[in-house]
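Structure below is my_file31.pdb: PDB, C-alpha atoms.
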ATOM      1  CA  MET H1423      17.163 -16.855 -13.066
ATOM      2  CA  ASP H1424      16.076 -20.427 -13.860
ATOM      3  CA  GLU H1425      12.735 -22.205 -13.626
ATOM      4  CA  THR H1426      13.338 -23.189 -10.006
ATOM      5  CA  ASP H1427      13.972 -19.537  -9.085
ATOM      6  CA  LYS H1428      10.719 -18.502 -10.760
ATOM      7  CA  LYS H1429       8.747 -21.198  -8.949
ATOM      8  CA  LEU H1430      10.468 -20.213  -5.730
ATOM      9  CA  ILE H1431       9.523 -16.539  -6.104
ATOM     10  CA  THR H1432       5.911 -17.402  -6.864
ATOM     11  CA  LEU H1433       5.772 -19.709  -3.872
ATOM     12  CA  ILE H1434       7.259 -17.306  -1.338
ATOM     13  CA  GLN H1435       5.168 -14.365  -2.503
ATOM     14  CA  ALA H1436       1.821 -16.012  -2.118
ATOM     15  CA  ASP H1437       2.276 -18.709   0.478
ATOM     16  CA  PHE H1438       5.301 -18.256   2.712
ATOM     17  CA  PRO H1439       5.071 -20.944   5.421
ATOM     18  CA  ILE H1440       4.624 -19.538   8.927
ATOM     19  CA  THR H1441       6.449 -22.330  10.647
ATOM     20  CA  ASP H1442       9.699 -22.990  12.475
ATOM     21  CA  ARG H1443      11.678 -24.197   9.428
ATOM     22  CA  PRO H1444       9.973 -22.412   6.508
ATOM     23  CA  TYR H1445      12.877 -22.823   4.076
ATOM     24  CA  ALA H1446      12.821 -26.592   4.623
ATOM     25  CA  VAL H1447       9.071 -26.674   3.895
ATOM     26  CA  ILE H1448       9.601 -24.651   0.707
ATOM     27  CA  GLY H1449      12.449 -26.965  -0.281
ATOM     28  CA  ASP H1450      10.212 -30.005   0.118
ATOM     29  CA  LYS H1451       7.683 -28.453  -2.263
ATOM     30  CA  LEU H1452      10.360 -27.695  -4.871
ATOM     31  CA  GLY H1453      12.349 -30.890  -4.425
ATOM     32  CA  ILE H1454      15.483 -29.068  -3.255
ATOM     33  CA  GLY H1455      17.205 -28.785   0.112
ATOM     34  CA  GLU H1456      16.777 -26.133   2.803
ATOM     35  CA  ASP H1457      20.315 -24.854   2.181
ATOM     36  CA  GLU H1458      19.629 -24.420  -1.513
ATOM     37  CA  VAL H1459      16.389 -22.521  -0.819
ATOM     38  CA  ILE H1460      18.263 -20.148   1.481
ATOM     39  CA  GLY H1461      21.069 -19.734  -1.061
ATOM     40  CA  ARG H1462      18.702 -19.053  -3.929
ATOM     41  CA  ILE H1463      16.600 -16.505  -1.988
ATOM     42  CA  GLY H1464      19.808 -14.772  -0.911
ATOM     43  CA  ALA H1465      20.974 -14.512  -4.529
ATOM     44  CA  ILE H1466      17.588 -13.218  -5.724
ATOM     45  CA  MET H1467      17.576 -10.587  -2.971
ATOM     46  CA  GLU H1468      21.103  -9.603  -3.929
ATOM     47  CA  SER H1469      19.925  -9.087  -7.522
ATOM     48  CA  GLY H1470      17.243  -6.731  -6.234
ATOM     49  CA  GLU H1471      14.351  -8.716  -7.687
ATOM     50  CA  ILE H1472      13.081  -9.376  -4.168
ATOM     51  CA  ARG H1473      13.202  -6.210  -2.058
ATOM     52  CA  ARG H1474      12.166  -7.682   1.241
ATOM     53  CA  LEU H1475      11.026 -10.891   2.898
ATOM     54  CA  GLY H1476       8.586  -9.977   5.621
ATOM     55  CA  ALA H1477       5.148  -8.664   6.462
ATOM     56  CA  SER H1478       2.969  -6.039   4.831
ATOM     57  CA  PHE H1479       0.740  -4.551   7.524
ATOM     58  CA  ASP H1480      -2.705  -2.989   7.359
ATOM     59  CA  SER H1481      -2.082   0.466   8.821
ATOM     60  CA  ARG H1482      -5.622   0.734  10.216
ATOM     61  CA  ARG H1483      -5.257  -2.485  12.188
ATOM     62  CA  LEU H1484      -2.136  -1.019  13.821
ATOM     63  CA  GLY H1485      -4.074   2.040  14.944
ATOM     64  CA  TYR H1486      -2.730   4.311  12.210
ATOM     65  CA  THR H1487      -4.778   6.545   9.964
ATOM     66  CA  SER H1488      -4.039   7.367   6.347
ATOM     67  CA  THR H1489      -5.026   9.921   3.766
ATOM     68  CA  LEU H1490      -4.480  10.861   0.137
ATOM     69  CA  CYS H1491      -3.109  14.370  -0.382
ATOM     70  CA  ALA H1492      -2.937  16.592  -3.434
ATOM     71  CA  ALA H1493      -1.041  19.826  -3.957
ATOM     72  CA  HIS H1494      -0.977  22.434  -6.679
ATOM     73  CA  VAL H1495       2.717  23.171  -7.072
ATOM     74  CA  PRO H1496       4.052  25.606  -9.674
ATOM     75  CA  PRO H1497       7.169  24.408 -11.557
ATOM     76  CA  GLU H1498       9.580  26.748  -9.751
ATOM     77  CA  LYS H1499       8.538  25.309  -6.389
ATOM     78  CA  LEU H1500       8.397  21.669  -7.420
ATOM     79  CA  ALA H1501      11.850  20.540  -6.292
ATOM     80  CA  ALA H1502      11.507  22.119  -2.848
ATOM     81  CA  ALA H1503       7.973  20.809  -2.401
ATOM     82  CA  VAL H1504       8.953  17.256  -3.353
ATOM     83  CA  ALA H1505      11.927  17.398  -0.980
ATOM     84  CA  ALA H1506       9.721  18.645   1.859
ATOM     85  CA  ILE H1507       7.054  15.996   1.216
ATOM     86  CA  ASN H1508       9.513  13.118   0.807
ATOM     87  CA  SER H1509      11.383  14.028   3.997
ATOM     88  CA  TYR H1510       8.621  12.365   6.055
ATOM     89  CA  HIS H1511       8.771   8.600   6.525
ATOM     90  CA  ASN H1512       4.975   8.915   6.777
ATOM     91  CA  VAL H1513       4.845   9.602   3.033
ATOM     92  CA  THR H1514       4.921   6.217   1.284
ATOM     93  CA  HIS H1515       3.897   7.138  -2.288
ATOM     94  CA  ASN H1516       4.403  10.412  -4.120
ATOM     95  CA  TYR H1517       3.644  10.977  -7.805
ATOM     96  CA  GLU H1518       3.508  13.799 -10.286
ATOM     97  CA  ARG H1519       0.178  13.680 -12.140
ATOM     98  CA  ASN H1520      -1.306  15.515 -15.097
ATOM     99  CA  HIS H1521      -3.749  17.864 -13.355
ATOM    100  CA  TYR H1522      -4.048  21.323 -11.728
ATOM    101  CA  TYR H1523      -3.289  19.326  -8.573
ATOM    102  CA  ASN H1524      -0.043  17.924  -9.891
ATOM    103  CA  VAL H1525       1.553  16.332  -6.804
ATOM    104  CA  TRP H1526      -0.291  13.413  -5.171
ATOM    105  CA  PHE H1527       1.012  11.624  -2.111
ATOM    106  CA  THR H1528      -0.164   9.244   0.601
ATOM    107  CA  LEU H1529       0.367   9.982   4.272
ATOM    108  CA  ILE H1530       0.148   7.477   7.156
ATOM    109  CA  ALA H1531       0.340   8.660  10.775
ATOM    110  CA  PRO H1532      -0.732   7.644  14.276
ATOM    111  CA  SER H1533      -3.462  10.301  14.422
ATOM    112  CA  ARG H1534      -5.450  12.805  12.388
ATOM    113  CA  ALA H1535      -3.791  15.539  14.448
ATOM    114  CA  ARG H1536      -0.347  14.392  13.289
ATOM    115  CA  ILE H1537      -1.540  14.354   9.672
ATOM    116  CA  ARG H1538      -2.781  17.949   9.942
ATOM    117  CA  GLU H1539       0.509  18.942  11.572
ATOM    118  CA  ILE H1540       2.626  17.353   8.814
ATOM    119  CA  LEU H1541       0.532  18.979   6.071
ATOM    120  CA  SER H1542       0.868  22.362   7.694
ATOM    121  CA  GLU H1543       4.643  21.892   8.014
ATOM    122  CA  ILE H1544       4.883  20.955   4.320
ATOM    123  CA  GLU H1545       2.787  23.987   3.326
ATOM    124  CA  ASP H1546       5.100  26.268   5.315
ATOM    125  CA  ALA H1547       8.341  24.673   4.133
ATOM    126  CA  ALA H1548       7.402  24.597   0.451
ATOM    127  CA  GLY H1549       5.253  27.714   0.281
ATOM    128  CA  VAL H1550       2.374  25.797  -1.285
ATOM    129  CA  GLY H1551      -1.189  25.104  -0.334
ATOM    130  CA  PRO H1552      -3.738  24.567   0.807
ATOM    131  CA  ILE H1553      -2.939  20.882   0.315
ATOM    132  CA  LEU H1554      -6.012  18.719  -0.191
ATOM    133  CA  ASP H1555      -6.504  16.143   2.561
ATOM    134  CA  LEU H1556      -8.788  13.382   1.279
ATOM    135  CA  PRO H1557      -9.088  10.552   3.821
ATOM    136  CA  ALA H1558     -11.150   7.605   2.613
ATOM    137  CA  THR H1559     -14.665   7.625   3.990
ATOM    138  CA  ARG H1560     -15.439   4.223   2.507
ATOM    139  CA  LEU H1561     -13.276   1.397   1.187
ATOM    140  CA  PHE H1562     -14.750  -0.596  -1.644
ATOM    141  CA  LYS H1563     -11.722  -2.540  -2.793
ATOM    142  CA  ILE H1564      -8.106  -3.031  -1.813
ATOM    143  CA  GLN H1565      -6.668  -5.795  -3.900
ATOM    144  CA  VAL H1566      -4.141  -7.406  -1.603
ATOM    145  CA  ASP H1567      -3.779 -10.745  -3.282
ATOM    146  CA  LEU H1568      -1.749  -9.428  -6.192
ATOM    147  CA  PRO H1569       1.460 -11.175  -5.296
ATOM    148  CA  VAL H1570       3.774  -8.580  -6.786
ATOM    149  CA  ILE H1571       2.312  -5.400  -5.298
ATOM    150  CA  ASP H1572       3.673  -4.334  -1.936
ATOM    151  CA  GLU H1573       0.870  -2.119  -0.719
TER     152      GLU H1573
ATOM    153  CA  MET N 241     -14.427  16.802  10.975
ATOM    154  CA  MET N 242     -15.803  13.348  10.478
ATOM    155  CA  ASN N 243     -13.585  10.530  11.653
ATOM    156  CA  PRO N 244     -12.535   8.915   8.383
ATOM    157  CA  ASN N 245     -12.141   5.551  10.040
ATOM    158  CA  ASN N 246     -15.651   5.349  11.378
ATOM    159  CA  GLY N 247     -16.993   1.907  10.870
ATOM    160  CA  ILE N 248     -14.055   0.481   8.989
ATOM    161  CA  ILE N 249     -11.565  -0.039  11.754
ATOM    162  CA  ASN N 250     -11.202  -2.800  14.314
ATOM    163  CA  ASP N 251     -11.500  -2.260  18.041
ATOM    164  CA  ASP N 252      -8.312  -3.893  19.293
ATOM    165  CA  LYS N 253      -5.911  -1.421  17.790
ATOM    166  CA  SER N 254      -3.773  -0.824  20.842
ATOM    167  CA  LEU N 255      -0.774  -3.100  20.540
ATOM    168  CA  SER N 256       1.395  -3.876  23.524
ATOM    169  CA  GLY N 257       5.012  -2.772  23.566
ATOM    170  CA  ARG N 258       6.125  -6.316  22.751
ATOM    171  CA  GLN N 259       3.719  -6.545  19.838
ATOM    172  CA  GLN N 260       4.981  -3.217  18.518
ATOM    173  CA  ARG N 261       8.521  -4.546  18.732
ATOM    174  CA  LEU N 262       7.443  -7.589  16.717
ATOM    175  CA  VAL N 263       5.892  -5.308  14.073
ATOM    176  CA  ARG N 264       9.160  -3.369  13.853
ATOM    177  CA  LEU N 265      11.050  -6.625  13.182
ATOM    178  CA  LEU N 266       8.584  -8.145  10.715
ATOM    179  CA  GLN N 267       8.335  -4.986   8.617
ATOM    180  CA  GLU N 268      12.014  -5.500   7.795
ATOM    181  CA  SER N 269      13.341  -8.762   6.329
ATOM    182  CA  ILE N 270      13.340 -11.970   8.317
ATOM    183  CA  PRO N 271      16.769 -13.653   8.373
ATOM    184  CA  LEU N 272      17.912 -16.207   5.827
ATOM    185  CA  SER N 273      18.793 -18.764   8.466
ATOM    186  CA  PRO N 274      17.104 -22.132   9.034
ATOM    187  CA  ARG N 275      14.896 -20.877  11.898
ATOM    188  CA  PRO N 276      14.074 -17.252  10.965
ATOM    189  CA  PHE N 277      11.098 -16.900  13.302
ATOM    190  CA  ALA N 278      13.146 -18.200  16.218
ATOM    191  CA  ALA N 279      15.734 -15.525  15.404
ATOM    192  CA  VAL N 280      13.010 -12.863  15.307
ATOM    193  CA  ALA N 281      11.638 -14.212  18.589
ATOM    194  CA  ALA N 282      15.026 -13.871  20.258
ATOM    195  CA  GLU N 283      15.211 -10.210  19.213
ATOM    196  CA  ALA N 284      11.622  -9.583  20.268
ATOM    197  CA  GLU N 285      12.253 -11.351  23.587
ATOM    198  CA  MET N 286       9.347 -13.676  22.892
ATOM    199  CA  ALA N 287       9.074 -17.447  22.639
ATOM    200  CA  PRO N 288       9.328 -18.768  19.052
ATOM    201  CA  GLU N 289       5.882 -20.372  19.452
ATOM    202  CA  GLU N 290       4.401 -17.030  20.447
ATOM    203  CA  VAL N 291       5.860 -15.324  17.371
ATOM    204  CA  LEU N 292       4.482 -18.041  15.079
ATOM    205  CA  ALA N 293       1.071 -17.910  16.763
ATOM    206  CA  THR N 294       0.963 -14.109  16.594
ATOM    207  CA  VAL N 295       1.920 -13.990  12.917
ATOM    208  CA  ALA N 296      -0.695 -16.634  12.109
ATOM    209  CA  GLN N 297      -3.322 -14.699  14.041
ATOM    210  CA  TRP N 298      -2.373 -11.388  12.400
ATOM    211  CA  LYS N 299      -2.627 -12.983   8.963
ATOM    212  CA  GLN N 300      -5.984 -14.424   9.877
ATOM    213  CA  ASN N 301      -7.472 -11.155  11.208
ATOM    214  CA  GLY N 302      -6.004  -8.975   8.472
ATOM    215  CA  THR N 303      -3.410  -7.111  10.554
ATOM    216  CA  ILE N 304      -0.844  -8.653   8.198
ATOM    217  CA  ARG N 305      -2.146  -8.243   4.667
ATOM    218  CA  ARG N 306       0.491 -10.465   3.203
ATOM    219  CA  PHE N 307       3.597 -12.217   4.457
ATOM    220  CA  GLY N 308       6.346 -13.187   2.057
ATOM    221  CA  ALA N 309       8.586 -11.838  -0.648
ATOM    222  CA  MET N 310       7.971  -8.276  -1.779
ATOM    223  CA  VAL N 311       9.229  -8.070  -5.332
ATOM    224  CA  ARG N 312      10.433  -5.102  -7.280
ATOM    225  CA  HIS N 313       8.618  -5.232 -10.593
ATOM    226  CA  GLN N 314       5.102  -4.135 -11.402
ATOM    227  CA  ARG N 315       2.308  -6.494 -12.338
ATOM    228  CA  LEU N 316       3.462  -8.456 -15.357
ATOM    229  CA  GLY N 317       1.825  -7.188 -18.523
ATOM    230  CA  TYR N 318       0.367  -4.181 -16.739
ATOM    231  CA  THR N 319       2.567  -1.234 -17.435
ATOM    232  CA  ALA N 320       0.136   1.671 -17.162
ATOM    233  CA  ASN N 321      -2.086   2.769 -14.346
ATOM    234  CA  ALA N 322      -4.483   5.637 -14.042
ATOM    235  CA  MET N 323      -6.068   7.173 -11.000
ATOM    236  CA  SER N 324      -9.670   7.671 -12.077
ATOM    237  CA  ALA N 325     -11.774  10.179 -10.153
ATOM    238  CA  TRP N 326     -15.557  10.208 -10.467
ATOM    239  CA  ASP N 327     -18.234  12.758  -9.620
ATOM    240  CA  VAL N 328     -21.083  10.606  -8.340
ATOM    241  CA  PRO N 329     -24.243  11.808  -6.565
ATOM    242  CA  GLU N 330     -23.783  10.921  -2.889
ATOM    243  CA  GLU N 331     -26.861   8.692  -2.856
ATOM    244  CA  ARG N 332     -25.358   6.585  -5.658
ATOM    245  CA  ALA N 333     -21.811   6.472  -4.277
ATOM    246  CA  GLU N 334     -22.096   3.055  -2.647
ATOM    247  CA  GLU N 335     -23.712   1.371  -5.646
ATOM    248  CA  VAL N 336     -21.231   2.895  -8.110
ATOM    249  CA  GLY N 337     -18.268   2.142  -5.822
ATOM    250  CA  ARG N 338     -19.252  -1.510  -5.749
ATOM    251  CA  ALA N 339     -19.756  -1.615  -9.507
ATOM    252  CA  LEU N 340     -16.331  -0.073 -10.215
ATOM    253  CA  SER N 341     -14.736  -2.467  -7.731
ATOM    254  CA  ALA N 342     -16.165  -5.451  -9.577
ATOM    255  CA  ALA N 343     -13.946  -4.712 -12.605
ATOM    256  CA  ASP N 344     -10.776  -6.807 -12.785
ATOM    257  CA  GLU N 345      -8.841  -3.782 -14.038
ATOM    258  CA  VAL N 346      -9.611  -1.869 -10.818
ATOM    259  CA  SER N 347      -7.219  -2.687  -7.963
ATOM    260  CA  HIS N 348      -8.303  -0.085  -5.409
ATOM    261  CA  CYS N 349     -11.534   1.853  -4.971
ATOM    262  CA  TYR N 350     -12.373   4.408  -2.295
ATOM    263  CA  GLN N 351     -14.898   7.112  -1.530
ATOM    264  CA  ARG N 352     -13.281  10.371  -0.416
ATOM    265  CA  PRO N 353     -14.515  13.887   0.399
ATOM    266  CA  ARG N 354     -14.799  16.558  -2.279
ATOM    267  CA  ALA N 355     -12.590  19.623  -1.928
ATOM    268  CA  GLU N 356     -11.860  23.004  -3.436
ATOM    269  CA  LYS N 357     -11.270  22.687  -7.178
ATOM    270  CA  TRP N 358     -11.739  18.951  -6.728
ATOM    271  CA  ASN N 359     -15.346  17.984  -7.297
ATOM    272  CA  PHE N 360     -14.895  14.215  -7.312
ATOM    273  CA  ASN N 361     -15.827  11.709  -4.630
ATOM    274  CA  LEU N 362     -14.949   8.222  -5.920
ATOM    275  CA  PHE N 363     -11.444   7.020  -6.728
ATOM    276  CA  ALA N 364     -10.585   3.864  -8.671
ATOM    277  CA  MET N 365      -7.088   2.747  -9.611
ATOM    278  CA  ILE N 366      -7.235   1.346 -13.165
ATOM    279  CA  HIS N 367      -4.498  -0.922 -14.569
ATOM    280  CA  GLY N 368      -3.884  -1.631 -18.230
ATOM    281  CA  ALA N 369      -1.218  -2.483 -20.752
ATOM    282  CA  SER N 370      -1.151   1.139 -21.957
ATOM    283  CA  ALA N 371      -2.629   4.557 -21.215
ATOM    284  CA  GLU N 372      -5.047   4.051 -24.115
ATOM    285  CA  GLU N 373      -6.270   0.819 -22.599
ATOM    286  CA  CYS N 374      -6.853   2.564 -19.260
ATOM    287  CA  GLU N 375      -8.891   5.177 -21.129
ATOM    288  CA  ARG N 376     -10.951   2.478 -22.851
ATOM    289  CA  VAL N 377     -11.592   0.749 -19.522
ATOM    290  CA  ALA N 378     -12.687   4.033 -17.938
ATOM    291  CA  ALA N 379     -15.022   4.773 -20.868
ATOM    292  CA  ARG N 380     -16.525   1.283 -20.576
ATOM    293  CA  LEU N 381     -16.996   1.659 -16.811
ATOM    294  CA  SER N 382     -18.528   5.104 -17.308
ATOM    295  CA  GLY N 383     -21.154   3.560 -19.570
ATOM    296  CA  GLU N 384     -21.759   0.654 -17.225
ATOM    297  CA  VAL N 385     -22.358   2.790 -14.130
ATOM    298  CA  GLY N 386     -24.006   5.696 -15.932
ATOM    299  CA  VAL N 387     -21.607   8.332 -14.597
ATOM    300  CA  GLY N 388     -20.299  10.677 -17.255
ATOM    301  CA  ILE N 389     -18.192  13.056 -15.198
ATOM    302  CA  TYR N 390     -14.775  11.613 -14.475
ATOM    303  CA  GLU N 391     -11.106  12.352 -14.952
ATOM    304  CA  LEU N 392      -8.074  10.142 -15.466
ATOM    305  CA  LEU N 393      -4.853  11.214 -13.806
ATOM    306  CA  PHE N 394      -1.752   9.487 -15.107
ATOM    307  CA  SER N 395       1.490   9.619 -13.209
ATOM    308  CA  SER N 396       4.306  11.259 -15.130
ATOM    309  CA  ARG N 397       6.967  10.832 -12.456
ATOM    310  CA  GLU N 398       7.386   8.688  -9.360
ATOM    311  CA  PHE N 399       8.892  10.795  -6.589
ATOM    312  CA  LYS N 400       8.701   8.174  -3.857
ATOM    313  CA  LYS N 401       7.505   4.623  -3.243
ATOM    314  CA  ILE N 402       8.399   2.896   0.027
ATOM    315  CA  SER N 403       6.876   0.546   2.578
ATOM    316  CA  MET N 404       5.632   2.271   5.705
ATOM    317  CA  LYS N 405       7.690   1.745   8.863
ATOM    318  CA  TYR N 406       5.448   1.619  11.907
ATOM    319  CA  PHE N 407       6.242   2.435  15.528
ATOM    320  CA  VAL N 408       9.478   4.245  14.749
ATOM    321  CA  GLU N 409       8.395   7.748  15.854
TER     322      GLU N 409
END
Now that the file is in, can you turn its structure into structure tokens?
Amino acid sequence: MDETDKKLITLIQADFPITDRPYAVIGDKLGIGEDEVIGRIGAIMESGEIRRLGASFDSRRLGYTSTLCAAHVPPEKLAAAVAAINSYHNVTHNYERNHYYNVWFTLIAPSRARIREILSEIEDAAGVGPILDLPATRLFKIQVDLPVIDE
Amino acid sequence: MMNPNNGIINDDKSLSGRQQRLVRLLQESIPLSPRPFAAVAAEAEMAPEEVLATVAQWKQNGTIRRFGAMVRHQRLGYTANAMSAWDVPEERAEEVGRALSAADEVSHCYQRPRAEKWNFNLFAMIHGASAEECERVAARLSGEVGVGIYELLFSSREFKKISMKYFVE
């Protein structure tokens, strides 16, 4: 990865041009051609450094609702509980944390009813619960300008 | 139960079928071809101009939080993060939430309901170079806001981290 690649990554994280020929616009800024921009982005994506080139949506603006969930899972049930939780595409983040509630995950769904349904299915499948359901009642800060965080 | 989205959600949340199709395409990767939005437009059965106008509008109104490259690594120089949970009297929640949010080290801050064996109502994600630094930041914030009851939850394992796929159910 050379200096041009680094500049390119910075540029396309923060300010990807929404225009008909975006790679040509980026090339103009970097002093390289459209073909080279496309080739370099392709190589960086191949390396895995860039996971995706697209949009990150605000779930609320799409009519979805989200919540933070916490479960107390004893060690012997952990593997099954994690498998049950992760099986839903609605679960985007899932972490083990150092607390009585040791499994914390986020859930995004089209309705509160669907969230309750998924939690009840997880409780049944994993034999854990009750799982805490902690939807935000107020948002104070969501830092979205951090160019390298995809959430 | 209280609707958690009361007051913090927009009105025009019903997207048309075509708009939903556009979301499904843009939440994947756009093509590495000279006219990527025209290619997306062809798949969405929209005019290229309409796709460009819609993306611009969605960026402007916050439907799209960010458009561009999603990279793999964490914030450079920030290797630790702690979920801090605070027990704040309800009447002080707004003031304390704003104060915690003002810290550079805090990336996300929410108020959430209390629950059984979980007597905390404010959450702030704290980033630092190490766990110790996160602890120092939390101690500093605790002094600043005058709230002494808090806990720091560090993640010991990541079980899953993906981008949400919308309109696929």
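Between chain N and the residues H:Tyr1510, H:Tyr1522, H:Phe1527, H:Phe1562, the shortest atom-to-atom distance, using all atoms listed in the file, involves H:Phe1562.
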Which residues would end up in the selection if the PyMOL selection byres ((chain N) within 6 of (chain H)) were applied here, given that I need the answer as a VMD selection string? chain N and resid 244 253 266 to 267 269 to 270 272 274 to 275 303 to 312 341 347 to 353 393 to 402 404
Only C-alpha atoms, please: the residues just picked out, written as a PDB file, keeping the file's coordinate frame.
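Written file, out_7.pdb:
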ATOM      1  CA  PRO N 244     -12.535   8.915   8.383  1.00  0.00           C
ATOM      2  CA  LYS N 253      -5.911  -1.421  17.790  1.00  0.00           C
ATOM      3  CA  LEU N 266       8.584  -8.145  10.715  1.00  0.00           C
ATOM      4  CA  GLN N 267       8.335  -4.986   8.617  1.00  0.00           C
ATOM      5  CA  SER N 269      13.341  -8.762   6.329  1.00  0.00           C
ATOM      6  CA  ILE N 270      13.340 -11.970   8.317  1.00  0.00           C
ATOM      7  CA  LEU N 272      17.912 -16.207   5.827  1.00  0.00           C
ATOM      8  CA  PRO N 274      17.104 -22.132   9.034  1.00  0.00           C
ATOM      9  CA  ARG N 275      14.896 -20.877  11.898  1.00  0.00           C
ATOM     10  CA  THR N 303      -3.410  -7.111  10.554  1.00  0.00           C
ATOM     11  CA  ILE N 304      -0.844  -8.653   8.198  1.00  0.00           C
ATOM     12  CA  ARG N 305      -2.146  -8.243   4.667  1.00  0.00           C
ATOM     13  CA  ARG N 306       0.491 -10.465   3.203  1.00  0.00           C
ATOM     14  CA  PHE N 307       3.597 -12.217   4.457  1.00  0.00           C
ATOM     15  CA  GLY N 308       6.346 -13.187   2.057  1.00  0.00           C
ATOM     16  CA  ALA N 309       8.586 -11.838  -0.648  1.00  0.00           C
ATOM     17  CA  MET N 310       7.971  -8.276  -1.779  1.00  0.00           C
ATOM     18  CA  VAL N 311       9.229  -8.070  -5.332  1.00  0.00           C
ATOM     19  CA  ARG N 312      10.433  -5.102  -7.280  1.00  0.00           C
ATOM     20  CA  SER N 341     -14.736  -2.467  -7.731  1.00  0.00           C
ATOM     21  CA  SER N 347      -7.219  -2.687  -7.963  1.00  0.00           C
ATOM     22  CA  HIS N 348      -8.303  -0.085  -5.409  1.00  0.00           C
ATOM     23  CA  CYS N 349     -11.534   1.853  -4.971  1.00  0.00           C
ATOM     24  CA  TYR N 350     -12.373   4.408  -2.295  1.00  0.00           C
ATOM     25  CA  GLN N 351     -14.898   7.112  -1.530  1.00  0.00           C
ATOM     26  CA  ARG N 352     -13.281  10.371  -0.416  1.00  0.00           C
ATOM     27  CA  PRO N 353     -14.515  13.887   0.399  1.00  0.00           C
ATOM     28  CA  LEU N 393      -4.853  11.214 -13.806  1.00  0.00           C
ATOM     29  CA  PHE N 394      -1.752   9.487 -15.107  1.00  0.00           C
ATOM     30  CA  SER N 395       1.490   9.619 -13.209  1.00  0.00           C
ATOM     31  CA  SER N 396       4.306  11.259 -15.130  1.00  0.00           C
ATOM     32  CA  ARG N 397       6.967  10.832 -12.456  1.00  0.00           C
ATOM     33  CA  GLU N 398       7.386   8.688  -9.360  1.00  0.00           C
ATOM     34  CA  PHE N 399       8.892  10.795  -6.589  1.00  0.00           C
ATOM     35  CA  LYS N 400       8.701   8.174  -3.857  1.00  0.00           C
ATOM     36  CA  LYS N 401       7.505   4.623  -3.243  1.00  0.00           C
ATOM     37  CA  ILE N 402       8.399   2.896   0.027  1.00  0.00           C
ATOM     38  CA  MET N 404       5.632   2.271   5.705  1.00  0.00           C
TER      39      MET N 404
END
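Residue nearest Arg1538 (chain H) within the list H:Ala1503, H:Ala1465, H:Ile1448, H:Cys1491: H:Cys1491 [criterion: smallest interatomic distance, all atoms listed in the file].
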Between CA of Asn361 (chain N) and CA of Gly337 (chain N), what is the distance in Å, rounded to a tenth?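 That distance, rounded to one decimal, is 9.9 Å.
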Set the distance at 10 Å and use all atoms listed in the file: which residues neighbour Ser324 (chain N) once local chain neighbours fewer than 6 positions away are removed? I'd like the list as an MDAnalysis selection string. chainID N and resid 346 349 360 362:366 374:375 378 390:394
For a test of reading the model, state the distance in Å between CA of Lys1499 (chain H) and CA of Ala1548 (chain H), rounded to one decimal.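 Atom-to-atom, CA of Lys1499 (chain H) and CA of Ala1548 (chain H) are spaced 7.0 Å apart.
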Between CA of Gln297 (chain N) and CA of Ser273 (chain N) lies a distance of 23.2 Å
